[in-house]
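Okay, so here's the structure we're looking at.
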Amino acid sequence: MLKQFLFLLIPFLSYSQNYTSYKTGSSTDLVTNPAGGVCLMGGATEDDNAMRWFLQRANGGDIVVLRASGSDGYNTYLYTTLNSSVNSVETIVCHTAAASHDAYVIQKINQAEAIWFAGGDQWDYVSQFRNSPLSIAINNAITQRNIVIGGTSAGMAIMGEYYFSAQNGTITSTTALNNPYASNATISNTAFLNNIHLQQTITDTHFDSPDRKGRISSFMARIYTDTGIAIKAIACDEYTAVCINPNGMARVYGDHPSNDDNAYFIQSNCELVNPRPENCAPSTPLTWNYNGAALKVYQIKGTGNGANFFDLNDWQTGSGGNWIQWSVSNGSFMEEMGTPIDCVTASIEDIDNRLVLFSNPVSDILEFELLEDKGSIQTAYLYNLSGTKVLELLNKDNDAYFKIPVSDLKSGVYFLSVTTTNGDYLKKLVID
């Protein structure tokens with residue numbers, strides 16, 4: 001019996017030209033019912049309690065660690081150190097892009113109950129895995145088998161619908177603030193990982209070393225300017241983790257009060273009539289100010305039991321944190337204490353009457369019109385308070401007046417964003 005136990009703890013090494021695999025634990029696949037979720041780790045040493053959360057949601061199944069460099073450092077830690085029962089831990093180090101097409105690698109993803117991305121260089125993951133059979137298998141595992149997924153450092157940076165790809169290397173806050181379109185500010189939303197609660201969200205890591213608050217502000221301003229989408233962000237200090245249940249509740253793990261471990265939930269200020277950056281252009285310092293209230297941030301201390309949380313369903317409800325405000329003026333980042341965000345009671349009037357709503361609140365039919373001298377409508381999008389696009393209109397017939405059924409939408413506050421030949425307009429409306 002002792003010899004068998006020792007055999008289980010000795011990693012089995014498998015090598016091919018495209019990858020190296022290190023296997024610890026059972027060599028037989030065990031099918032369990034994972035509980036799903038996403039674990040976002042800010043970098044440096046992993047938080048043990050967050051990693052236990054991650055392993056427990058695999059429900060005793062098989063763990064796959066994906067890397068583009070390094071070796072088997074996670075195997076013993078995940079299999080024995082954390083005292084969480086799992087069937088196996090297998091680290092697969094992908095040496096080339098061909099590994100993302102390898103039948104063995106795809107098989108292991110198809111059998112996993114949990115997938116963890118190690119740190120490193122996120123461009124390695126993006127360039128090797130994106131648009132490949134491997135990424136398809138991972139997304140199928142998320143959406144069809146409800147696996148738990150997560151990553152640290154570079155592995156966290158790729159988890160959002162939008163991500164900093166680091167294709168041209170990293171970028172500092174100073175550089176990003178002084179030129180949001182710098183050559184190394186490589187932001188993408190080309191489909192990669194499909195985490196439902198991270199749609200229209202970008203993530204960032206190592207938030208306290210070095211300071212990256214200005215960088216994420218610049219990324220968000222750039223995305224908002226280019227797409228018209230009020231992007232959100234989740235960021236973590238080192239040694240801090242955000243663990244998101246499938247119900248959208250994000251709990252923050254860390255070592256507070258012994259250490260100052262924080263997570264940040266960042267969004268443009270929906271209380272403003274039009275919160276788009278005042279000045280976001282190439283080779284120009286960013287200004288996104290609005291009297292110091294351009295961005296609303298809920299900052300949460302990470303604790304050992306993950307008691308403090310933020311609700312990603314409404315991006316307003318939280319516990320154990322403080323609201324602060326961020327802004328940027330001519331490339332200089334500023335922060336100050338803030339008040340809780342209140343999107344529901346924000347003004348329902350826009351800057352002027354260029355975009356006309358025929359009724360507000362709306363019950364069954366949304367009717368709107370653009371005044372004749374203000375150009376023609378190209379596209380129109382309707383977003384809910386969470387920033388999720390719920391309706392899309394492409395104006396192929398160059399119409400100026402529209403009637404759109406909205407009776408199937410939930411009651412609440414929405415934003416109508418319209419792109420025209422003369423500019424973009426935003427209207428806040430209520431659906432009864």
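In the structure tokens, chains take the letters A, B, ... in the order shown, each chain's residues start at 1, and ligands count up from 1 in the order shown.
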Compile a residue-level contact table for region 307-338 of chain A against region 226-235 of chain A at a cut-off of 12 Å, reporting for every qualifying residue the shortest atom pair and its distance in Å to one decimal, with only C-alpha atoms counted, rows ordered by chain and ascending number, as a Markdown table.
```
| residue | atom | partner | partner_atom | distance |
| --- | --- | --- | --- | --- |
| A:Phe310 | CA | A:Ile234 | CA | 10.7 |
| A:Leu312 | CA | A:Ile234 | CA | 10.3 |
| A:Asp314 | CA | A:Lys232 | CA | 11.9 |
| A:Trp315 | CA | A:Lys232 | CA | 9.2 |
```
Those in region 88-218 of chain A with helix (DSSP H, G or I) from DSSP, as a ChimeraX atom specification: /A:97-101,103-111,122-129,133-145,154-157,173-178,196-198,213-218
All strand (DSSP E) positions in region 245-391 of chain A, as a ChimeraX atom specification: /A:249-253,262-268,295-301,309-311,318-319,321-329,332-337,355-357,365-370,377-384,389-391
Residues within 12 Å of Met41 (chain A), only C-alpha atoms, excluding chain neighbours under 6 positions, as a VMD selection string: chain A and resid 47 to 51 54 116 to 119 149 to 159 203 to 207 234 to 244 251 to 254 261 to 263 302
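Counting only C-alpha atoms, region 405-409 of chain A has the following residues at most 7 Å away, ignoring those fewer than 6 positions along the same chain: Ser363, Asp364, Ile365 and Leu366 of chain A.
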Residues just named, written with C-alpha atoms as a PDB file, in the first residue's frame:
```
ATOM      1  CA  SER A 363     -43.657  49.851 -21.709  1.00  0.00           C
ATOM      2  CA  ASP A 364     -43.954  47.892 -24.956  1.00  0.00           C
ATOM      3  CA  ILE A 365     -42.468  49.815 -27.894  1.00  0.00           C
ATOM      4  CA  LEU A 366     -39.324  51.920 -27.842  1.00  0.00           C
TER       5      LEU A 366
END
```
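Residues in contact with Thr186 (chain A) at up to 6 Å, not including ones fewer than 2 positions away on its chain and judged by only C-alpha atoms, are Phe164, Ser165 and Asn184 of chain A.
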Emit the selected residues as a PDB file, in the first residue's frame, including N, CA and C atoms.
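Generated file (part_37.pdb):
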```pdb
ATOM      1  N   PHE A 164      -5.630  42.915 -22.346  1.00  0.00           N
ATOM      2  CA  PHE A 164      -4.353  43.481 -22.786  1.00  0.00           C
ATOM      3  C   PHE A 164      -3.481  42.314 -23.221  1.00  0.00           C
ATOM      4  N   SER A 165      -3.213  42.222 -24.515  1.00  0.00           N
ATOM      5  CA  SER A 165      -2.545  41.044 -25.057  1.00  0.00           C
ATOM      6  C   SER A 165      -1.030  41.061 -24.872  1.00  0.00           C
ATOM      7  N   ASN A 184       2.422  49.826 -27.781  1.00  0.00           N
ATOM      8  CA  ASN A 184       2.378  48.672 -26.892  1.00  0.00           C
ATOM      9  C   ASN A 184       1.112  48.633 -26.033  1.00  0.00           C
TER      10      ASN A 184
END
```
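The gap separating CA of Trp323 (chain A) from CA of Ala250 (chain A) is 16.2 Å, in Å to one decimal.
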Produce a table with one row for each residue of region 156-229 of chain A that has an atom at most 12 Å from any atom of region 378-392 of chain A, each row naming the nearest atom pair and its distance in Å at one decimal; use only C-alpha atoms; arrange rows by chain and rising residue number; format as CSV.
```
residue,atom,partner,partner_atom,distance
A:Glu161,CA,A:Thr388,CA,11.7
A:Ile196,CA,A:Thr388,CA,10.4
A:His197,CA,A:Ser386,CA,9.8
A:Leu198,CA,A:Thr388,CA,10.3
A:Gln199,CA,A:Thr388,CA,7.5
A:Gln200,CA,A:Gly387,CA,6.9
A:Thr201,CA,A:Gly387,CA,9.1
A:Tyr224,CA,A:Gly387,CA,11.5
A:Thr227,CA,A:Tyr381,CA,11.1
A:Gly228,CA,A:Tyr381,CA,9.3
A:Ile229,CA,A:Gly387,CA,7.5
```
Proximity to Ser21 (chain A) - best of A:Ser71, A:Ser84, A:Ser173, A:Thr45, only C-alpha atoms: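 Going through A:Ser71, A:Ser84, A:Ser173, A:Thr45 one by one, the smallest distance to Ser21 (chain A) is for A:Ser71.
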Given only C-alpha atoms as the counted atoms, nearest of A:Val148, A:Val64, A:Val105, A:Met334 to Ala35 (chain A):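 Distance minimum relative to Ala35 (chain A) lands on A:Val148.
In this comparison, which uses only C-alpha atoms, the residue of A:Leu394, A:Val126, A:Ala221, A:Ala137 approaching Asp102 (chain A) most closely is A:Ala137.
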Contacts of Asn139 (chain A) at 9 Å (only C-alpha atoms; same-chain gap of 2+ positions) as a list in words: Leu134, Ser135, Ile136, Ala137, Ala141, Ile142, Thr143, Gln144, Phe192, Leu193, Asn194 and Asn195 of chain A
For the residues selected in the previous step, produce a file with all heavy atoms as a PDB file, in the first residue's frame.
```
ATOM      1  N   LEU A 134      -7.733  24.077 -29.051  1.00  0.00           N
ATOM      2  CA  LEU A 134      -7.583  24.137 -27.599  1.00  0.00           C
ATOM      3  C   LEU A 134      -8.554  25.139 -26.986  1.00  0.00           C
ATOM      4  O   LEU A 134      -9.236  24.834 -26.001  1.00  0.00           O
ATOM      5  CB  LEU A 134      -6.145  24.500 -27.234  1.00  0.00           C
ATOM      6  CG  LEU A 134      -5.853  24.673 -25.741  1.00  0.00           C
ATOM      7  CD1 LEU A 134      -6.138  23.382 -24.987  1.00  0.00           C
ATOM      8  CD2 LEU A 134      -4.417  25.116 -25.519  1.00  0.00           C
ATOM      9  N   SER A 135      -8.640  26.350 -27.551  1.00  0.00           N
ATOM     10  CA  SER A 135      -9.556  27.352 -26.996  1.00  0.00           C
ATOM     11  C   SER A 135     -11.006  26.912 -27.172  1.00  0.00           C
ATOM     12  O   SER A 135     -11.855  27.173 -26.299  1.00  0.00           O
ATOM     13  CB  SER A 135      -9.329  28.723 -27.647  1.00  0.00           C
ATOM     14  OG  SER A 135      -9.647  28.705 -29.026  1.00  0.00           O
ATOM     15  N   ILE A 136     -11.315  26.236 -28.273  1.00  0.00           N
ATOM     16  CA  ILE A 136     -12.673  25.709 -28.464  1.00  0.00           C
ATOM     17  C   ILE A 136     -12.990  24.686 -27.376  1.00  0.00           C
ATOM     18  O   ILE A 136     -14.072  24.699 -26.777  1.00  0.00           O
ATOM     19  CB  ILE A 136     -12.816  25.083 -29.864  1.00  0.00           C
ATOM     20  CG1 ILE A 136     -12.723  26.162 -30.940  1.00  0.00           C
ATOM     21  CG2 ILE A 136     -14.141  24.329 -29.983  1.00  0.00           C
ATOM     22  CD1 ILE A 136     -12.669  25.621 -32.354  1.00  0.00           C
ATOM     23  N   ALA A 137     -12.033  23.805 -27.079  1.00  0.00           N
ATOM     24  CA  ALA A 137     -12.247  22.786 -26.051  1.00  0.00           C
ATOM     25  C   ALA A 137     -12.424  23.426 -24.677  1.00  0.00           C
ATOM     26  O   ALA A 137     -13.273  22.998 -23.879  1.00  0.00           O
ATOM     27  CB  ALA A 137     -11.073  21.805 -26.036  1.00  0.00           C
ATOM     28  N   ALA A 141     -15.771  23.315 -22.393  1.00  0.00           N
ATOM     29  CA  ALA A 141     -15.719  22.835 -21.011  1.00  0.00           C
ATOM     30  C   ALA A 141     -16.395  23.814 -20.062  1.00  0.00           C
ATOM     31  O   ALA A 141     -17.061  23.407 -19.098  1.00  0.00           O
ATOM     32  CB  ALA A 141     -14.266  22.607 -20.595  1.00  0.00           C
ATOM     33  N   ILE A 142     -16.245  25.109 -20.329  1.00  0.00           N
ATOM     34  CA  ILE A 142     -16.885  26.125 -19.489  1.00  0.00           C
ATOM     35  C   ILE A 142     -18.397  26.101 -19.668  1.00  0.00           C
ATOM     36  O   ILE A 142     -19.159  26.068 -18.690  1.00  0.00           O
ATOM     37  CB  ILE A 142     -16.330  27.523 -19.825  1.00  0.00           C
ATOM     38  CG1 ILE A 142     -14.844  27.620 -19.488  1.00  0.00           C
ATOM     39  CG2 ILE A 142     -17.117  28.600 -19.081  1.00  0.00           C
ATOM     40  CD1 ILE A 142     -14.190  28.888 -20.006  1.00  0.00           C
ATOM     41  N   THR A 143     -18.843  26.125 -20.916  1.00  0.00           N
ATOM     42  CA  THR A 143     -20.267  26.318 -21.188  1.00  0.00           C
ATOM     43  C   THR A 143     -21.082  25.039 -21.119  1.00  0.00           C
ATOM     44  O   THR A 143     -22.270  25.074 -20.809  1.00  0.00           O
ATOM     45  CB  THR A 143     -20.460  26.963 -22.573  1.00  0.00           C
ATOM     46  OG1 THR A 143     -19.884  26.111 -23.573  1.00  0.00           O
ATOM     47  CG2 THR A 143     -19.796  28.327 -22.627  1.00  0.00           C
ATOM     48  N   GLN A 144     -20.462  23.893 -21.415  1.00  0.00           N
ATOM     49  CA  GLN A 144     -21.206  22.644 -21.479  1.00  0.00           C
ATOM     50  C   GLN A 144     -20.999  21.740 -20.268  1.00  0.00           C
ATOM     51  O   GLN A 144     -21.898  20.980 -19.909  1.00  0.00           O
ATOM     52  CB  GLN A 144     -20.838  21.882 -22.758  1.00  0.00           C
ATOM     53  CG  GLN A 144     -21.178  22.642 -24.036  1.00  0.00           C
ATOM     54  CD  GLN A 144     -20.745  21.903 -25.293  1.00  0.00           C
ATOM     55  OE1 GLN A 144     -20.482  20.698 -25.273  1.00  0.00           O
ATOM     56  NE2 GLN A 144     -20.653  22.624 -26.405  1.00  0.00           N
ATOM     57  N   PHE A 192     -11.788  34.757 -27.281  1.00  0.00           N
ATOM     58  CA  PHE A 192     -10.790  33.871 -26.702  1.00  0.00           C
ATOM     59  C   PHE A 192     -11.454  32.997 -25.640  1.00  0.00           C
ATOM     60  O   PHE A 192     -11.910  31.902 -25.932  1.00  0.00           O
ATOM     61  CB  PHE A 192      -9.625  34.687 -26.136  1.00  0.00           C
ATOM     62  CG  PHE A 192      -8.428  33.864 -25.728  1.00  0.00           C
ATOM     63  CD1 PHE A 192      -8.321  32.517 -26.056  1.00  0.00           C
ATOM     64  CD2 PHE A 192      -7.397  34.433 -25.012  1.00  0.00           C
ATOM     65  CE1 PHE A 192      -7.220  31.759 -25.679  1.00  0.00           C
ATOM     66  CE2 PHE A 192      -6.283  33.692 -24.626  1.00  0.00           C
ATOM     67  CZ  PHE A 192      -6.199  32.353 -24.958  1.00  0.00           C
ATOM     68  N   LEU A 193     -11.581  33.496 -24.404  1.00  0.00           N
ATOM     69  CA  LEU A 193     -12.206  32.723 -23.329  1.00  0.00           C
ATOM     70  C   LEU A 193     -13.607  33.246 -23.054  1.00  0.00           C
ATOM     71  O   LEU A 193     -13.820  34.471 -22.990  1.00  0.00           O
ATOM     72  CB  LEU A 193     -11.352  32.782 -22.067  1.00  0.00           C
ATOM     73  CG  LEU A 193      -9.930  32.230 -22.218  1.00  0.00           C
ATOM     74  CD1 LEU A 193      -9.168  32.353 -20.909  1.00  0.00           C
ATOM     75  CD2 LEU A 193      -9.945  30.782 -22.693  1.00  0.00           C
ATOM     76  N   ASN A 194     -14.533  32.349 -22.857  1.00  0.00           N
ATOM     77  CA  ASN A 194     -15.950  32.710 -22.745  1.00  0.00           C
ATOM     78  C   ASN A 194     -16.417  32.587 -21.303  1.00  0.00           C
ATOM     79  O   ASN A 194     -17.079  31.628 -20.917  1.00  0.00           O
ATOM     80  CB  ASN A 194     -16.792  31.820 -23.663  1.00  0.00           C
ATOM     81  CG  ASN A 194     -18.245  32.222 -23.690  1.00  0.00           C
ATOM     82  OD1 ASN A 194     -18.606  33.306 -23.221  1.00  0.00           O
ATOM     83  ND2 ASN A 194     -19.095  31.367 -24.216  1.00  0.00           N
ATOM     84  N   ASN A 195     -16.060  33.579 -20.476  1.00  0.00           N
ATOM     85  CA  ASN A 195     -16.508  33.636 -19.094  1.00  0.00           C
ATOM     86  C   ASN A 195     -17.670  34.616 -19.003  1.00  0.00           C
ATOM     87  O   ASN A 195     -17.489  35.825 -19.162  1.00  0.00           O
ATOM     88  CB  ASN A 195     -15.367  34.081 -18.179  1.00  0.00           C
ATOM     89  CG  ASN A 195     -14.261  33.045 -18.113  1.00  0.00           C
ATOM     90  OD1 ASN A 195     -14.518  31.874 -17.902  1.00  0.00           O
ATOM     91  ND2 ASN A 195     -13.018  33.481 -18.312  1.00  0.00           N
TER      92      ASN A 195
END
```
Non-local contacts of Ser26 (chain A) (9 Å; only C-alpha atoms; under 5 positions in same chain excluded) as a ChimeraX atom specification: /A:8,62,87-89
Export of the given selection (all heavy atoms) as a short mmCIF file (atom, residue, chain, number, x, y, z; two decimals), in the first residue's frame:
```cif
data_model
loop_
_atom_site.label_atom_id
_atom_site.label_comp_id
_atom_site.auth_asym_id
_atom_site.auth_seq_id
_atom_site.Cartn_x
_atom_site.Cartn_y
_atom_site.Cartn_z
N LEU A 8 1.87 7.37 -6.64
CA LEU A 8 0.91 8.41 -7.02
C LEU A 8 1.52 9.80 -6.89
O LEU A 8 1.12 10.71 -7.59
CB LEU A 8 -0.34 8.31 -6.13
CG LEU A 8 -1.24 7.10 -6.37
CD1 LEU A 8 -2.36 7.08 -5.34
CD2 LEU A 8 -1.81 7.11 -7.78
N ASP A 62 -10.34 16.15 -12.07
CA ASP A 62 -8.99 16.27 -12.62
C ASP A 62 -8.66 17.73 -12.94
O ASP A 62 -9.47 18.45 -13.54
CB ASP A 62 -8.88 15.43 -13.89
CG ASP A 62 -9.10 13.95 -13.61
OD1 ASP A 62 -8.22 13.34 -13.00
OD2 ASP A 62 -10.18 13.44 -13.97
N ASN A 87 -8.54 14.15 -8.09
CA ASN A 87 -8.13 12.87 -8.71
C ASN A 87 -6.73 12.96 -9.29
O ASN A 87 -5.95 12.01 -9.18
CB ASN A 87 -9.14 12.49 -9.80
CG ASN A 87 -8.89 11.11 -10.36
OD1 ASN A 87 -8.81 10.14 -9.61
ND2 ASN A 87 -8.75 11.02 -11.68
N SER A 88 -6.41 14.08 -9.92
CA SER A 88 -5.09 14.24 -10.52
C SER A 88 -4.82 15.71 -10.79
O SER A 88 -5.75 16.52 -10.86
CB SER A 88 -4.97 13.45 -11.83
OG SER A 88 -5.77 14.04 -12.85
N VAL A 89 -3.55 16.02 -10.92
CA VAL A 89 -3.10 17.34 -11.40
C VAL A 89 -2.12 17.09 -12.54
O VAL A 89 -1.15 16.35 -12.38
CB VAL A 89 -2.42 18.16 -10.29
CG1 VAL A 89 -1.90 19.47 -10.86
CG2 VAL A 89 -3.37 18.41 -9.13
#
```
Atomic separation - CA of Ala97 (chain A) relative to CA of Tyr181 (chain A), Å: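 So the answer is 28.2 Å.
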Coordinates-based distance that separates CA of Thr419 (chain A) from CA of Ile404 (chain A) (Å, one decimal):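 According to the coordinates, CA of Ile404 (chain A) and CA of Thr419 (chain A) are separated by 16.7 Å.
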A:Thr303, A:Lys296, A:Gly37, A:Gly214 ranked by distance to Asn179 (chain A), top pick (using only C-alpha atoms):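 Closest to Asn179 (chain A), using only C-alpha atoms: A:Gly214.
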